[in-house]
>>> print(open('query-v3.txt').read())   # compact mmCIF, C-alpha atoms
# COMPACT_ATOMS: atom_id res chain seq x y z
CA MET Z 1252 44.46 0.99 -149.94
CA GLU Z 1253 43.38 -1.41 -152.70
CA ILE Z 1254 45.74 -1.63 -155.66
CA ALA Z 1255 44.71 -3.54 -158.77
CA ILE Z 1256 47.04 -4.59 -161.56
CA VAL Z 1257 45.21 -5.16 -164.84
CA LYS Z 1258 45.51 -8.82 -165.86
CA TYR Z 1259 45.74 -9.50 -169.57
CA ASN Z 1260 48.18 -11.31 -171.80
CA ALA Z 1261 50.86 -8.65 -172.04
CA GLY Z 1262 54.17 -10.20 -171.27
CA ASN Z 1263 55.75 -10.27 -167.92
CA VAL Z 1264 54.15 -8.41 -165.02
CA ALA Z 1265 56.16 -10.20 -162.31
CA SER Z 1266 58.60 -7.30 -162.05
CA VAL Z 1267 55.71 -4.89 -161.38
CA MET Z 1268 54.46 -7.14 -158.58
CA TYR Z 1269 57.93 -7.44 -157.06
CA ALA Z 1270 58.32 -3.66 -157.20
CA LEU Z 1271 55.11 -3.33 -155.16
CA ASP Z 1272 56.41 -6.03 -152.79
CA ARG Z 1273 59.60 -4.02 -152.25
CA ILE Z 1274 57.52 -0.93 -151.47
CA GLY Z 1275 55.48 -3.14 -149.12
CA VAL Z 1276 51.95 -2.65 -150.44
CA PRO Z 1277 49.46 -5.45 -151.21
CA TYR Z 1278 47.83 -5.70 -154.65
CA THR Z 1279 45.46 -7.82 -156.70
CA TRP Z 1280 46.26 -9.00 -160.22
CA THR Z 1281 42.86 -9.15 -161.86
CA ASP Z 1282 40.65 -8.74 -164.92
CA ASP Z 1283 37.51 -8.58 -162.79
CA GLU Z 1284 35.46 -5.48 -163.64
CA ALA Z 1285 34.10 -4.91 -160.14
CA ILE Z 1286 37.53 -5.13 -158.50
CA LEU Z 1287 39.09 -2.84 -161.10
CA ARG Z 1288 36.31 -0.27 -160.67
CA GLN Z 1289 36.54 -0.31 -156.87
CA ALA Z 1290 40.32 -0.26 -156.50
CA ASP Z 1291 41.87 2.92 -155.14
CA LYS Z 1292 44.68 2.74 -157.71
CA VAL Z 1293 44.99 0.79 -160.94
CA ILE Z 1294 48.26 -0.14 -162.60
CA PHE Z 1295 48.11 -1.04 -166.30
CA PRO Z 1296 51.49 -2.56 -167.22
CA GLY Z 1297 52.69 -4.50 -170.19
CA VAL Z 1298 55.26 -5.41 -172.73
CA GLY Z 1299 54.50 -6.84 -176.12
CA GLU Z 1300 52.94 -5.98 -179.42
CA ALA Z 1301 50.08 -3.47 -179.69
CA SER Z 1302 47.53 -5.32 -181.86
CA THR Z 1303 47.87 -8.58 -179.87
CA ALA Z 1304 47.57 -6.70 -176.59
CA MET Z 1305 44.46 -4.82 -177.81
CA ALA Z 1306 42.92 -8.13 -178.94
CA HIS Z 1307 43.44 -9.59 -175.46
CA LEU Z 1308 41.90 -6.52 -173.83
CA LYS Z 1309 38.87 -6.72 -176.15
CA GLU Z 1310 38.29 -10.39 -175.32
CA LYS Z 1311 37.56 -9.39 -171.76
CA GLY Z 1312 35.95 -6.01 -172.45
CA LEU Z 1313 38.86 -4.27 -170.74
CA ASP Z 1314 39.28 -1.92 -173.73
CA LEU Z 1315 35.93 -0.36 -172.80
CA LEU Z 1316 36.38 -0.53 -169.03
CA ILE Z 1317 39.84 1.04 -168.67
CA PRO Z 1318 38.98 4.42 -170.28
CA GLN Z 1319 35.99 4.70 -167.90
CA LEU Z 1320 38.03 4.27 -164.73
CA LYS Z 1321 37.81 7.22 -162.34
CA GLN Z 1322 40.59 6.48 -159.84
CA PRO Z 1323 44.28 7.23 -160.61
CA VAL Z 1324 45.57 4.85 -163.28
CA LEU Z 1325 49.26 4.34 -164.02
CA ALA Z 1326 50.02 2.86 -167.44
CA THR Z 1327 53.55 1.78 -168.29
CA CYS Z 1328 55.34 0.96 -171.56
CA ILE Z 1329 52.88 -0.74 -173.95
CA GLY Z 1330 50.17 0.19 -171.43
CA MET Z 1331 50.86 3.86 -172.13
CA GLN Z 1332 50.79 3.28 -175.90
CA LEU Z 1333 47.50 1.38 -175.68
CA LEU Z 1334 45.91 4.37 -173.96
CA CYS Z 1335 46.73 6.52 -176.99
CA LYS Z 1336 44.46 6.91 -180.01
CA HIS Z 1337 46.30 4.82 -182.55
CA SER Z 1338 49.63 3.00 -182.95
CA GLU Z 1339 51.69 2.57 -186.07
CA GLU Z 1340 52.57 -0.88 -184.72
CA ASN Z 1341 50.47 -3.06 -187.02
CA ASP Z 1342 48.11 -0.09 -187.60
CA THR Z 1343 46.31 -0.63 -184.30
CA THR Z 1344 43.36 1.37 -183.03
CA CYS Z 1345 43.94 1.90 -179.31
CA MET Z 1346 41.78 3.14 -176.43
CA GLY Z 1347 42.04 6.86 -177.11
CA VAL Z 1348 42.35 8.19 -173.56
CA PHE Z 1349 45.28 10.28 -174.78
CA ASP Z 1350 44.39 11.90 -178.12
CA VAL Z 1351 47.82 11.24 -179.65
CA GLU Z 1352 49.44 8.87 -182.15
CA VAL Z 1353 52.11 6.27 -181.40
CA LYS Z 1354 54.87 6.31 -184.01
CA ARG Z 1355 57.77 4.06 -184.98
CA PHE Z 1356 61.33 5.28 -184.35
CA GLN Z 1357 63.17 5.80 -187.63
CA SER Z 1358 66.94 6.20 -187.63
CA HIS Z 1359 69.92 5.18 -189.70
CA GLU Z 1360 72.46 6.17 -187.04
CA LEU Z 1361 70.89 4.95 -183.81
CA LYS Z 1362 69.89 1.43 -182.89
CA ILE Z 1363 66.20 0.60 -182.72
CA PRO Z 1364 64.79 -0.45 -180.24
CA HIS Z 1365 65.78 2.17 -177.70
CA VAL Z 1366 67.17 -0.04 -174.91
CA GLY Z 1367 68.78 1.06 -171.69
CA TRP Z 1368 68.95 3.93 -169.21
CA ASN Z 1369 68.17 7.38 -170.56
CA SER Z 1370 67.51 10.66 -168.79
CA ILE Z 1371 64.08 12.22 -168.61
CA HIS Z 1372 63.30 15.88 -168.06
CA ALA Z 1373 60.09 16.36 -166.14
CA ASN Z 1374 57.70 19.29 -166.02
CA GLN Z 1375 57.93 21.29 -162.79
CA ASP Z 1376 54.41 20.31 -161.72
CA ASN Z 1377 54.60 16.57 -162.51
CA PRO Z 1378 53.38 14.97 -159.25
CA LEU Z 1379 55.01 11.60 -160.00
CA MET Z 1380 58.42 13.30 -159.95
CA GLU Z 1381 57.94 14.75 -156.45
CA GLY Z 1382 61.20 14.52 -154.52
CA LEU Z 1383 63.22 13.61 -157.59
CA LYS Z 1384 65.69 15.65 -159.59
CA LYS Z 1385 64.49 17.50 -162.66
CA GLU Z 1386 66.60 15.05 -164.64
CA GLU Z 1387 66.53 11.35 -163.69
CA PHE Z 1388 67.68 8.16 -165.38
CA VAL Z 1389 65.09 5.47 -166.05
CA TYR Z 1390 65.09 2.21 -168.02
CA PHE Z 1391 63.52 2.05 -171.49
CA VAL Z 1392 62.86 -0.78 -173.96
CA HIS Z 1393 60.73 0.24 -176.96
CA SER Z 1394 60.61 0.68 -180.74
CA PHE Z 1395 57.54 2.93 -180.82
CA TYR Z 1396 57.13 6.34 -179.22
CA VAL Z 1397 54.63 9.09 -178.47
CA PRO Z 1398 55.69 12.47 -179.88
CA VAL Z 1399 55.89 15.44 -177.53
CA ASN Z 1400 52.39 16.92 -177.22
CA PRO Z 1401 50.33 19.05 -174.80
CA LEU Z 1402 49.77 16.01 -172.52
CA THR Z 1403 53.53 15.35 -172.16
CA THR Z 1404 54.76 15.73 -168.58
CA ALA Z 1405 58.32 14.43 -169.06
CA VAL Z 1406 60.51 14.33 -172.16
CA CYS Z 1407 63.26 11.92 -173.16
CA ASP Z 1408 65.55 12.29 -176.16
CA TYR Z 1409 66.31 9.41 -178.51
CA VAL Z 1410 66.31 9.98 -182.28
CA GLN Z 1411 64.23 13.05 -181.32
CA PRO Z 1412 62.55 14.31 -178.18
CA PHE Z 1413 59.56 12.08 -177.28
CA SER Z 1414 57.08 11.67 -174.42
CA ALA Z 1415 58.54 9.81 -171.45
CA MET Z 1416 55.40 10.55 -169.43
CA LEU Z 1417 51.83 11.64 -170.18
CA HIS Z 1418 49.04 12.88 -167.95
CA GLN Z 1419 45.39 13.63 -168.48
CA ASP Z 1420 42.79 13.77 -165.71
CA ASN Z 1421 43.19 10.56 -163.65
CA PHE Z 1422 45.41 8.85 -166.24
CA TYR Z 1423 49.18 8.86 -165.71
CA ALA Z 1424 51.53 7.07 -168.07
CA ALA Z 1425 55.21 6.30 -168.42
CA GLN Z 1426 56.97 4.91 -171.48
CA PHE Z 1427 59.78 3.55 -169.30
CA HIS Z 1428 59.76 0.66 -166.84
CA ALA Z 1429 59.51 2.38 -163.47
CA GLU Z 1430 59.42 -1.03 -161.79
CA ILE Z 1431 63.04 -1.74 -162.72
CA SER Z 1432 64.34 1.84 -162.80
CA GLY Z 1433 66.24 1.78 -159.51
CA MET Z 1434 65.43 4.17 -156.69
CA ALA Z 1435 64.06 6.80 -159.10
CA GLY Z 1436 61.56 4.30 -160.51
CA GLN Z 1437 60.55 3.20 -157.04
CA ARG Z 1438 59.92 6.80 -156.01
CA ILE Z 1439 57.76 7.37 -159.11
CA ILE Z 1440 55.60 4.38 -158.16
CA GLU Z 1441 55.41 5.56 -154.54
CA ASN Z 1442 54.38 9.03 -155.73
CA PHE Z 1443 51.64 7.47 -157.84
CA LEU Z 1444 50.41 5.42 -154.88
CA ALA Z 1445 50.34 8.60 -152.77
CA LEU Z 1446 48.13 10.54 -155.22
CA MET S 144 71.27 10.79 -173.60
CA LEU S 145 71.14 7.00 -173.73
CA THR S 146 73.92 5.73 -171.49
CA LYS S 147 76.33 2.86 -171.91
CA ARG S 148 75.58 0.08 -169.45
CA ILE S 149 77.88 -1.56 -166.90
CA ILE S 150 76.75 -5.10 -166.16
CA PRO S 151 78.24 -7.32 -163.45
CA CYS S 152 77.81 -10.98 -164.27
CA LEU S 153 77.25 -13.48 -161.49
CA ASP S 154 78.12 -17.05 -162.42
CA ILE S 155 75.98 -19.38 -160.34
CA LYS S 156 76.74 -22.92 -159.26
CA ASP S 157 74.50 -24.70 -156.74
CA GLY S 158 72.90 -21.39 -155.85
CA ARG S 159 76.23 -19.67 -155.12
CA THR S 160 78.30 -17.15 -157.08
CA VAL S 161 81.51 -18.39 -158.62
CA LYS S 162 83.97 -17.17 -161.20
CA GLY S 163 86.73 -19.07 -162.90
CA THR S 164 89.52 -18.18 -165.23
CA ASN S 165 88.64 -19.49 -168.68
CA PHE S 166 85.69 -21.19 -167.01
CA VAL S 167 87.71 -23.59 -164.82
CA ASP S 168 89.22 -23.25 -161.30
CA LEU S 169 86.08 -21.88 -159.72
CA ARG S 170 86.35 -19.67 -156.65
CA ASP S 171 83.43 -18.90 -154.35
CA ALA S 172 82.54 -15.24 -154.30
CA GLY S 173 79.42 -15.08 -152.25
CA ASP S 174 75.67 -15.10 -152.06
CA PRO S 175 74.08 -14.08 -155.39
CA VAL S 176 71.08 -12.28 -153.90
CA GLU S 177 73.17 -10.22 -151.54
CA LEU S 178 75.78 -9.52 -154.17
CA GLY S 179 73.15 -8.57 -156.77
CA ALA S 180 71.43 -6.13 -154.42
CA LEU S 181 74.81 -4.65 -153.49
CA TYR S 182 75.71 -4.12 -157.15
CA ALA S 183 72.34 -2.47 -157.81
CA GLN S 184 72.99 -0.13 -154.90
CA GLU S 185 76.50 0.64 -156.14
CA GLY S 186 75.21 1.75 -159.53
CA ALA S 187 75.19 -1.36 -161.75
CA ASP S 188 72.87 -0.74 -164.68
CA GLU S 189 71.79 -4.33 -165.03
CA LEU S 190 72.72 -7.79 -163.74
CA VAL S 191 73.29 -11.09 -165.49
CA PHE S 192 73.02 -14.41 -163.63
CA LEU S 193 74.52 -17.34 -165.52
CA ASP S 194 73.81 -20.79 -164.14
CA ILE S 195 76.95 -22.57 -165.24
CA THR S 196 75.95 -26.03 -164.04
CA ALA S 197 72.38 -25.97 -165.21
CA THR S 198 71.12 -29.53 -164.86
CA VAL S 199 67.51 -30.63 -164.51
CA ASP S 200 67.94 -30.92 -160.73
CA ASP S 201 69.22 -27.38 -160.51
CA ARG S 202 66.28 -25.76 -162.33
CA LYS S 203 64.09 -25.45 -159.24
CA THR S 204 66.99 -23.97 -157.29
CA LEU S 205 67.49 -21.46 -160.09
CA VAL S 206 63.81 -20.46 -160.22
CA ASN S 207 63.82 -19.96 -156.45
CA LEU S 208 66.98 -17.93 -156.69
CA VAL S 209 65.46 -15.75 -159.43
CA ARG S 210 62.45 -15.10 -157.21
CA GLU S 211 64.71 -14.00 -154.36
CA VAL S 212 66.75 -11.76 -156.65
CA ALA S 213 63.58 -10.15 -158.03
CA ARG S 214 62.42 -9.40 -154.49
CA HIS S 215 65.64 -7.55 -153.70
CA VAL S 216 66.83 -5.96 -156.92
CA ASN S 217 65.27 -2.89 -158.55
CA ILE S 218 67.20 -2.89 -161.83
CA PRO S 219 66.77 -5.19 -164.85
CA PHE S 220 68.30 -8.64 -164.61
CA THR S 221 68.90 -11.47 -167.04
CA VAL S 222 69.11 -15.18 -166.34
CA GLY S 223 70.96 -17.66 -168.53
CA GLY S 224 72.31 -21.18 -168.49
CA GLY S 225 70.71 -24.35 -169.75
CA ILE S 226 67.56 -22.67 -171.08
CA SER S 227 66.16 -24.72 -173.93
CA SER S 228 62.39 -24.41 -174.05
CA ILE S 229 59.43 -22.06 -173.88
CA GLN S 230 58.60 -23.67 -170.51
CA ASP S 231 62.04 -22.80 -169.11
CA VAL S 232 61.67 -19.19 -170.20
CA SER S 233 58.14 -18.93 -168.91
CA ALA S 234 59.18 -20.21 -165.45
CA LEU S 235 62.07 -17.75 -165.19
CA LEU S 236 60.07 -14.72 -166.39
CA ASN S 237 57.22 -15.60 -164.04
CA ALA S 238 59.70 -15.80 -161.19
CA GLY S 239 60.68 -12.18 -161.94
CA ALA S 240 63.54 -12.30 -164.44
CA ASP S 241 63.36 -9.41 -166.90
CA LYS S 242 65.25 -11.18 -169.67
CA VAL S 243 66.63 -14.62 -170.42
CA SER S 244 69.79 -15.50 -172.26
CA ILE S 245 70.03 -18.54 -174.51
CA ASN S 246 73.19 -19.96 -176.03
CA SER S 247 73.75 -23.63 -176.91
CA SER S 248 70.04 -24.27 -177.38
CA ALA S 249 69.86 -21.47 -179.99
CA VAL S 250 72.78 -23.00 -181.87
CA ARG S 251 71.16 -26.44 -181.73
CA ASN S 252 67.73 -25.15 -182.72
CA PRO S 253 67.78 -21.62 -184.18
CA ASP S 254 63.97 -21.66 -184.55
CA LEU S 255 63.84 -21.41 -180.75
CA ILE S 256 64.87 -17.75 -181.06
CA ASP S 257 61.88 -17.02 -183.32
CA GLU S 258 59.52 -18.94 -181.06
CA LEU S 259 60.67 -17.19 -177.89
CA ALA S 260 60.57 -13.74 -179.51
CA LEU S 261 57.04 -14.38 -180.74
CA GLN S 262 55.85 -15.73 -177.39
CA PHE S 263 57.53 -13.30 -174.98
CA GLY S 264 58.71 -10.37 -177.13
CA SER S 265 62.22 -9.68 -178.41
CA GLN S 266 62.92 -7.30 -175.51
CA CYS S 267 63.43 -10.22 -173.12
CA ILE S 268 65.38 -12.57 -175.37
CA ILE S 269 69.16 -12.25 -175.29
CA VAL S 270 71.21 -14.58 -177.46
CA ALA S 271 74.63 -15.25 -175.94
CA ILE S 272 77.39 -16.01 -178.40
CA ASP S 273 80.64 -17.55 -177.17
CA THR S 274 83.26 -17.03 -179.84
CA ARG S 275 86.84 -18.11 -180.36
CA TRP S 276 89.38 -17.37 -183.10
CA VAL S 277 90.40 -20.66 -184.76
CA ASP S 278 92.39 -20.98 -187.99
CA GLY S 279 91.87 -17.40 -189.05
CA THR S 280 88.14 -17.10 -188.37
CA ASP S 281 85.79 -16.38 -185.48
CA TRP S 282 83.73 -19.48 -184.70
CA VAL S 283 80.74 -19.90 -182.41
CA HIS S 284 81.46 -22.23 -179.49
CA THR S 285 79.04 -23.95 -177.13
CA HIS S 286 79.16 -25.77 -173.79
CA GLY S 287 80.85 -22.93 -171.94
CA GLY S 288 83.23 -22.38 -174.84
CA ARG S 289 84.57 -25.93 -174.88
CA LYS S 290 82.96 -27.13 -178.10
CA ILE S 291 83.52 -25.57 -181.52
CA THR S 292 80.61 -25.45 -183.97
CA GLU S 293 80.52 -25.10 -187.74
CA ILE S 294 78.95 -21.67 -187.44
CA GLN S 295 80.90 -18.47 -188.06
CA THR S 296 80.35 -15.77 -185.47
CA ILE S 297 79.69 -12.70 -187.62
CA PRO S 298 76.93 -14.17 -189.82
CA TRP S 299 75.44 -15.91 -186.76
CA ALA S 300 75.11 -12.55 -184.97
CA LYS S 301 73.13 -11.21 -187.95
CA GLU S 302 70.99 -14.33 -188.06
CA VAL S 303 70.01 -14.18 -184.38
CA GLU S 304 69.03 -10.54 -184.83
CA ASN S 305 66.91 -11.39 -187.88
CA ARG S 306 65.24 -14.17 -185.93
CA GLY S 307 64.16 -11.81 -183.19
CA ALA S 308 66.89 -11.61 -180.55
CA GLY S 309 66.56 -8.39 -178.56
CA GLU S 310 70.23 -8.14 -177.59
CA ILE S 311 73.45 -10.07 -178.14
CA LEU S 312 75.80 -11.02 -175.32
CA LEU S 313 79.11 -11.53 -177.10
CA THR S 314 81.79 -13.36 -175.11
CA SER S 315 85.26 -13.72 -176.56
CA MET S 316 86.70 -16.97 -175.25
CA ASP S 317 90.11 -15.73 -176.36
CA ALA S 318 89.84 -12.71 -174.07
CA ASP S 319 87.81 -14.25 -171.23
CA GLY S 320 89.78 -14.55 -168.02
CA THR S 321 92.86 -12.82 -169.43
CA LYS S 322 92.12 -9.33 -168.03
CA ALA S 323 93.90 -8.04 -171.15
CA GLY S 324 90.95 -6.17 -172.61
CA PHE S 325 87.77 -6.91 -174.55
CA ALA S 326 87.76 -8.24 -178.13
CA ASN S 327 87.23 -4.75 -179.52
CA ALA S 328 87.66 -5.42 -183.23
CA LEU S 329 85.14 -8.24 -183.36
CA THR S 330 82.72 -6.41 -181.07
CA SER S 331 82.92 -3.35 -183.31
CA THR S 332 82.27 -5.37 -186.47
CA ILE S 333 79.23 -7.05 -184.97
CA SER S 334 77.87 -3.87 -183.38
CA GLY S 335 78.31 -1.96 -186.64
CA ASN S 336 76.38 -4.65 -188.51
CA SER S 337 73.55 -4.81 -186.09
CA SER S 338 70.62 -2.70 -184.95
CA ILE S 339 70.23 -4.45 -181.59
CA PRO S 340 72.44 -3.71 -178.56
CA ILE S 341 75.70 -5.63 -178.15
CA ILE S 342 76.84 -6.52 -174.65
CA ALA S 343 80.58 -7.13 -174.75
CA SER S 344 82.01 -9.72 -172.39
CA GLY S 345 85.36 -11.29 -171.66
CA GLY S 346 88.70 -9.70 -170.91
CA ALA S 347 87.89 -6.73 -168.67
CA GLY S 348 90.84 -6.04 -166.37
CA THR S 349 91.06 -2.25 -166.09
CA MET S 350 88.82 0.78 -166.35
CA GLU S 351 90.55 1.67 -169.65
CA HIS S 352 89.33 -1.61 -171.10
CA PHE S 353 85.75 -0.43 -170.66
CA TYR S 354 86.58 2.90 -172.29
CA GLU S 355 88.07 1.02 -175.24
CA VAL S 356 85.12 -1.34 -175.67
CA PHE S 357 82.67 1.59 -175.71
CA THR S 358 84.73 3.59 -178.21
CA GLU S 359 86.76 1.22 -180.42
CA GLY S 360 84.43 -1.70 -179.74
CA LYS S 361 81.18 0.31 -180.24
CA ALA S 362 79.59 -1.84 -177.52
CA ASP S 363 76.32 -0.76 -175.93
CA ALA S 364 77.13 -2.46 -172.64
CA GLY S 365 80.18 -3.94 -170.96
CA LEU S 366 79.95 -7.05 -168.82
CA ALA S 367 82.46 -8.39 -166.32
CA ALA S 368 82.55 -10.68 -163.32
CA SER S 369 85.67 -11.21 -161.25
CA ILE S 370 86.94 -7.62 -161.30
CA PHE S 371 83.69 -6.61 -159.59
CA HIS S 372 83.38 -9.61 -157.27
CA PHE S 373 86.84 -9.24 -155.87
CA LYS S 374 86.48 -5.45 -155.69
CA GLU S 375 89.39 -4.82 -158.02
CA ILE S 376 87.23 -2.15 -159.60
CA ALA S 377 84.33 -0.43 -157.82
CA ILE S 378 81.37 0.18 -160.11
CA LEU S 379 80.96 3.80 -159.09
CA ASP S 380 84.67 4.53 -159.64
CA LEU S 381 84.42 2.93 -163.08
CA LYS S 382 81.36 4.96 -164.02
CA ASN S 383 82.91 8.20 -162.78
CA TYR S 384 86.05 7.45 -164.78
CA LEU S 385 84.08 6.72 -167.96
CA ALA S 386 81.91 9.81 -167.52
CA SER S 387 85.05 11.94 -167.12
CA LYS S 388 86.24 10.54 -170.45
CA GLY S 389 82.98 11.57 -172.14
CA ILE S 390 81.16 8.23 -172.13
CA PRO S 391 77.47 8.74 -171.26
CA MET S 392 76.85 7.09 -167.89
CA ARG S 393 74.00 6.88 -165.41
CA ILE S 394 75.51 8.14 -162.15
>>> encode(input="query-v3.txt", output="C-alpha cells")
Amino acid sequence: MEIAIVKYNAGNVASVMYALDRIGVPYTWTDDEAILRQADKVIFPGVGEASTAMAHLKEKGLDLLIPQLKQPVLATCIGMQLLCKHSEENDTTCMGVFDVEVKRFQSHELKIPHVGWNSIHANQDNPLMEGLKKEEFVYFVHSFYVPVNPLTTAVCDYVQPFSAMLHQDNFYAAQFHAEISGMAGQRIIENFLAL
Amino acid sequence: MLTKRIIPCLDIKDGRTVKGTNFVDLRDAGDPVELGALYAQEGADELVFLDITATVDDRKTLVNLVREVARHVNIPFTVGGGISSIQDVSALLNAGADKVSINSSAVRNPDLIDELALQFGSQCIIVAIDTRWVDGTDWVHTHGGRKITEIQTIPWAKEVENRGAGEILLTSMDADGTKAGFANALTSTISGNSSIPIIASGGAGTMEHFYEVFTEGKADAGLAASIFHFKEIAILDLKNYLASKGIPMRI
C-alpha cells in the first residue's frame, strides 16, 4: 500500500510520520501531483494559520489537486479546516470539500485555545472508530472550530458542541491530533489505512 | 469534557533521566525513552523532557534522544533546556517533539517568543517561568532557579501570553523539591489572569496536592518528576483518585 503525506509548509509533520512508523507502514512525504494521485491513501496534516497554509497550497497548485483526489484522504487539525468552505481565521477562502464554515471559539469563561484531552462521541457508523468505545479521549489544540453539521461524524464539547470528525465521500477529517492521541489515535489511523 | 492533564517531567543529563531536590544532588532514575514510553502506557497525558545540562556538545545527543522518544511515545511531548534560537526549535520539532519550552532565553530576549510563535505557531511554544518569593514579591529566576532577575512573575506571565506563548509552565522554586504541595495561590492568580493553559510545577508530594492545584490553584495541568520516577505515586492511581473527587480525567 502506498501512503502519501501532503508536503506543504504547515508546521510540524514529524509526529504524523512517527505515528506511521509505530504502526509499521511506509509512506512518502510529497507535493508531487503524480504521487499524490496514485497513492492508495493520502494524509493531509498540519498545524498553523489558515491563510498562510492556503497560500502555501496555492503556490504548488495543491489547493486544486486535493479536492480532486479519489482515494481515501485523512485531513487532521488545520488540514480539516482547510477542506472546509471558509475560515474566520483571517477571512480565508478554503478548498470547499466540506460545505461548512470554520468559526472562532468565543468564551469569557473557558480558555481559548482548546488545549488538551477531550472526549469525542462518534456516530455509530463512523468507520474510523471501529473497535473503539463510543466515547474516546483524543488530543486537541485549536482556536477555530467547525460547527456540528450534517457531515459531522463525531462530536466534541468545548464552549459548545463542535465537529471532532467530518466525512464526505472519500474525505475523512479529524480536528484532533490522532497521531499523538495514544492508543485511540493509533487505532483511528489504522482504521483509516484499512479503508 | 476537557480533562486536567497529568504530566511527568523527565530531567535529562547526558541522555539519562535524573531528578534532584531543589535542582542539586542528582539521582539517576533510568533511561528516558523507556521511562517515557512506560508513562504513556500508564496513562500520562503528556511528557516533558528538560535537558538540565544543555551545552552545545549535548545538543546532538538531545536531538537524537528526541527522535527515539518520538518513535516510542504516542502522546504529546515537550522538550526544554538551553533552547535559544529558531534553529534549535526547528531541529527539535523536526526530530519529533510536539512542543518546546523556553525559559532563560525568553527572559534575555522576549522577542524570541514572538518570533517562535510566528514561525512555528503558538501551540508548540511553552514559556517556562521559574519563580521565587523574595522580599514580598514573586520574581522570575533563570539558570535553573539560581539567578534572580528584575522581572516580576505575574506581569511576565501576561507578557509571554501577549507575545504568543501557547502555554505557561510555572515552577515555584520555593515549592520545588519540598513535596509540601504546589504554589496554589500564585498559580491561581496567573491562571485567572490568563487565557492560555497553566502547567503547575514544583512541590507535588501527595495525590491531594494535585487535587488542590486543580481546584484552588486553577491549574490546567500538573507536572511532577520524582514522585513518579520513584513510584511513590502511580499515575493511574492518581488519576482514579482525582476522578473520584470530581476532577475531569482521561482514564
>>> residues_near_point(input="query-v3.txt", point="(35.7, -1.9, -164.6)", cutoff="6 Å", atoms="all atoms listed in the file", output="MDAnalysis selection string")
chainID Z and resid 1284:1285 1287:1288 1316
>>> write_last_selection(input="query-v3.txt", atoms="C-alpha atoms", output="CSV table (one decimal), in the frame of the given file")
chain,number,residue,atom,x,y,z
Z,1284,GLU,CA,35.5,-5.5,-163.6
Z,1285,ALA,CA,34.1,-4.9,-160.1
Z,1287,LEU,CA,39.1,-2.8,-161.1
Z,1288,ARG,CA,36.3,-0.3,-160.7
Z,1316,LEU,CA,36.4,-0.5,-169.0
>>> interface_residues(input="query-v3.txt", of="chain S", to="chain Z", cutoff="7 Å", atoms="all atoms listed in the file", output="list of chain:residue names")
S:Met144, S:Leu145, S:Thr146, S:Ala213, S:Arg214, S:Asn217, S:Ile218, S:Pro219, S:Leu236, S:Asn237, S:Ala238, S:Gly239, S:Phe263, S:Gly264, S:Gln266, S:Ser338, S:Ile339, S:Arg393
>>> write_last_selection(input="query-v3.txt", atoms="C-alpha atoms", output="PDB file, in the frame of the given file")
ATOM      1  CA  MET S 144      71.270  10.790-173.600  1.00  0.00           C
ATOM      2  CA  LEU S 145      71.140   7.000-173.730  1.00  0.00           C
ATOM      3  CA  THR S 146      73.920   5.730-171.490  1.00  0.00           C
ATOM      4  CA  ALA S 213      63.580 -10.150-158.030  1.00  0.00           C
ATOM      5  CA  ARG S 214      62.420  -9.400-154.490  1.00  0.00           C
ATOM      6  CA  ASN S 217      65.270  -2.890-158.550  1.00  0.00           C
ATOM      7  CA  ILE S 218      67.200  -2.890-161.830  1.00  0.00           C
ATOM      8  CA  PRO S 219      66.770  -5.190-164.850  1.00  0.00           C
ATOM      9  CA  LEU S 236      60.070 -14.720-166.390  1.00  0.00           C
ATOM     10  CA  ASN S 237      57.220 -15.600-164.040  1.00  0.00           C
ATOM     11  CA  ALA S 238      59.700 -15.800-161.190  1.00  0.00           C
ATOM     12  CA  GLY S 239      60.680 -12.180-161.940  1.00  0.00           C
ATOM     13  CA  PHE S 263      57.530 -13.300-174.980  1.00  0.00           C
ATOM     14  CA  GLY S 264      58.710 -10.370-177.130  1.00  0.00           C
ATOM     15  CA  GLN S 266      62.920  -7.300-175.510  1.00  0.00           C
ATOM     16  CA  SER S 338      70.620  -2.700-184.950  1.00  0.00           C
ATOM     17  CA  ILE S 339      70.230  -4.450-181.590  1.00  0.00           C
ATOM     18  CA  ARG S 393      74.000   6.880-165.410  1.00  0.00           C
TER      19      ARG S 393
END
>>> residues_near_point(input="query-v3.txt", point="(74.3, 2.2, -157.8)", cutoff="9 Å", atoms="only C-alpha atoms", output="JSON, numbers by chain")
{"Z": [1433], "S": [181, 182, 183, 184, 185, 186, 187, 188, 378, 379, 393, 394]}
>>> closest_residue(input="query-v3.txt", among="Z:Leu1444, Z:Ala1373, Z:Ala1415, Z:Ile1274", to="Glu1253 in chain Z", atoms="all atoms listed in the file")
Z:Leu1444
>>> atom_distance(input="query-v3.txt", atom1="CA of Lys1309 in chain Z", atom2="CA of Thr1281 in chain Z")
15.0 Å
>>> closest_residue(input="query-v3.txt", among="S:Pro253, S:Thr274, S:His286, S:Ala240", to="Ile195 in chain S", atoms="all atoms listed in the file")
S:His286
>>> atom_distance(input="query-v3.txt", atom1="CA of Ala367 in chain S", atom2="CA of Glu302 in chain S")
25.3 Å
>>> build_atoms(input="query-v3.txt", residues="range 255-260 of chain S", atoms="N, CA and C atoms", output="short mmCIF file (atom, residue, chain, number, x, y, z; two decimals), in the coordinates of the input")
data_model
loop_
_atom_site.label_atom_id
_atom_site.label_comp_id
_atom_site.auth_asym_id
_atom_site.auth_seq_id
_atom_site.Cartn_x
_atom_site.Cartn_y
_atom_site.Cartn_z
N LEU S 255 64.21 -21.76 -182.13
CA LEU S 255 63.84 -21.41 -180.75
C LEU S 255 63.85 -19.89 -180.54
N ILE S 256 64.79 -19.22 -181.20
CA ILE S 256 64.87 -17.75 -181.06
C ILE S 256 63.56 -17.13 -181.56
N ASP S 257 63.12 -17.56 -182.75
CA ASP S 257 61.88 -17.02 -183.32
C ASP S 257 60.69 -17.30 -182.40
N GLU S 258 60.65 -18.55 -181.90
CA GLU S 258 59.52 -18.94 -181.06
C GLU S 258 59.46 -18.13 -179.77
N LEU S 259 60.63 -17.94 -179.15
CA LEU S 259 60.67 -17.19 -177.89
C LEU S 259 60.33 -15.72 -178.13
N ALA S 260 60.84 -15.16 -179.22
CA ALA S 260 60.57 -13.74 -179.51
C ALA S 260 59.08 -13.53 -179.75
#
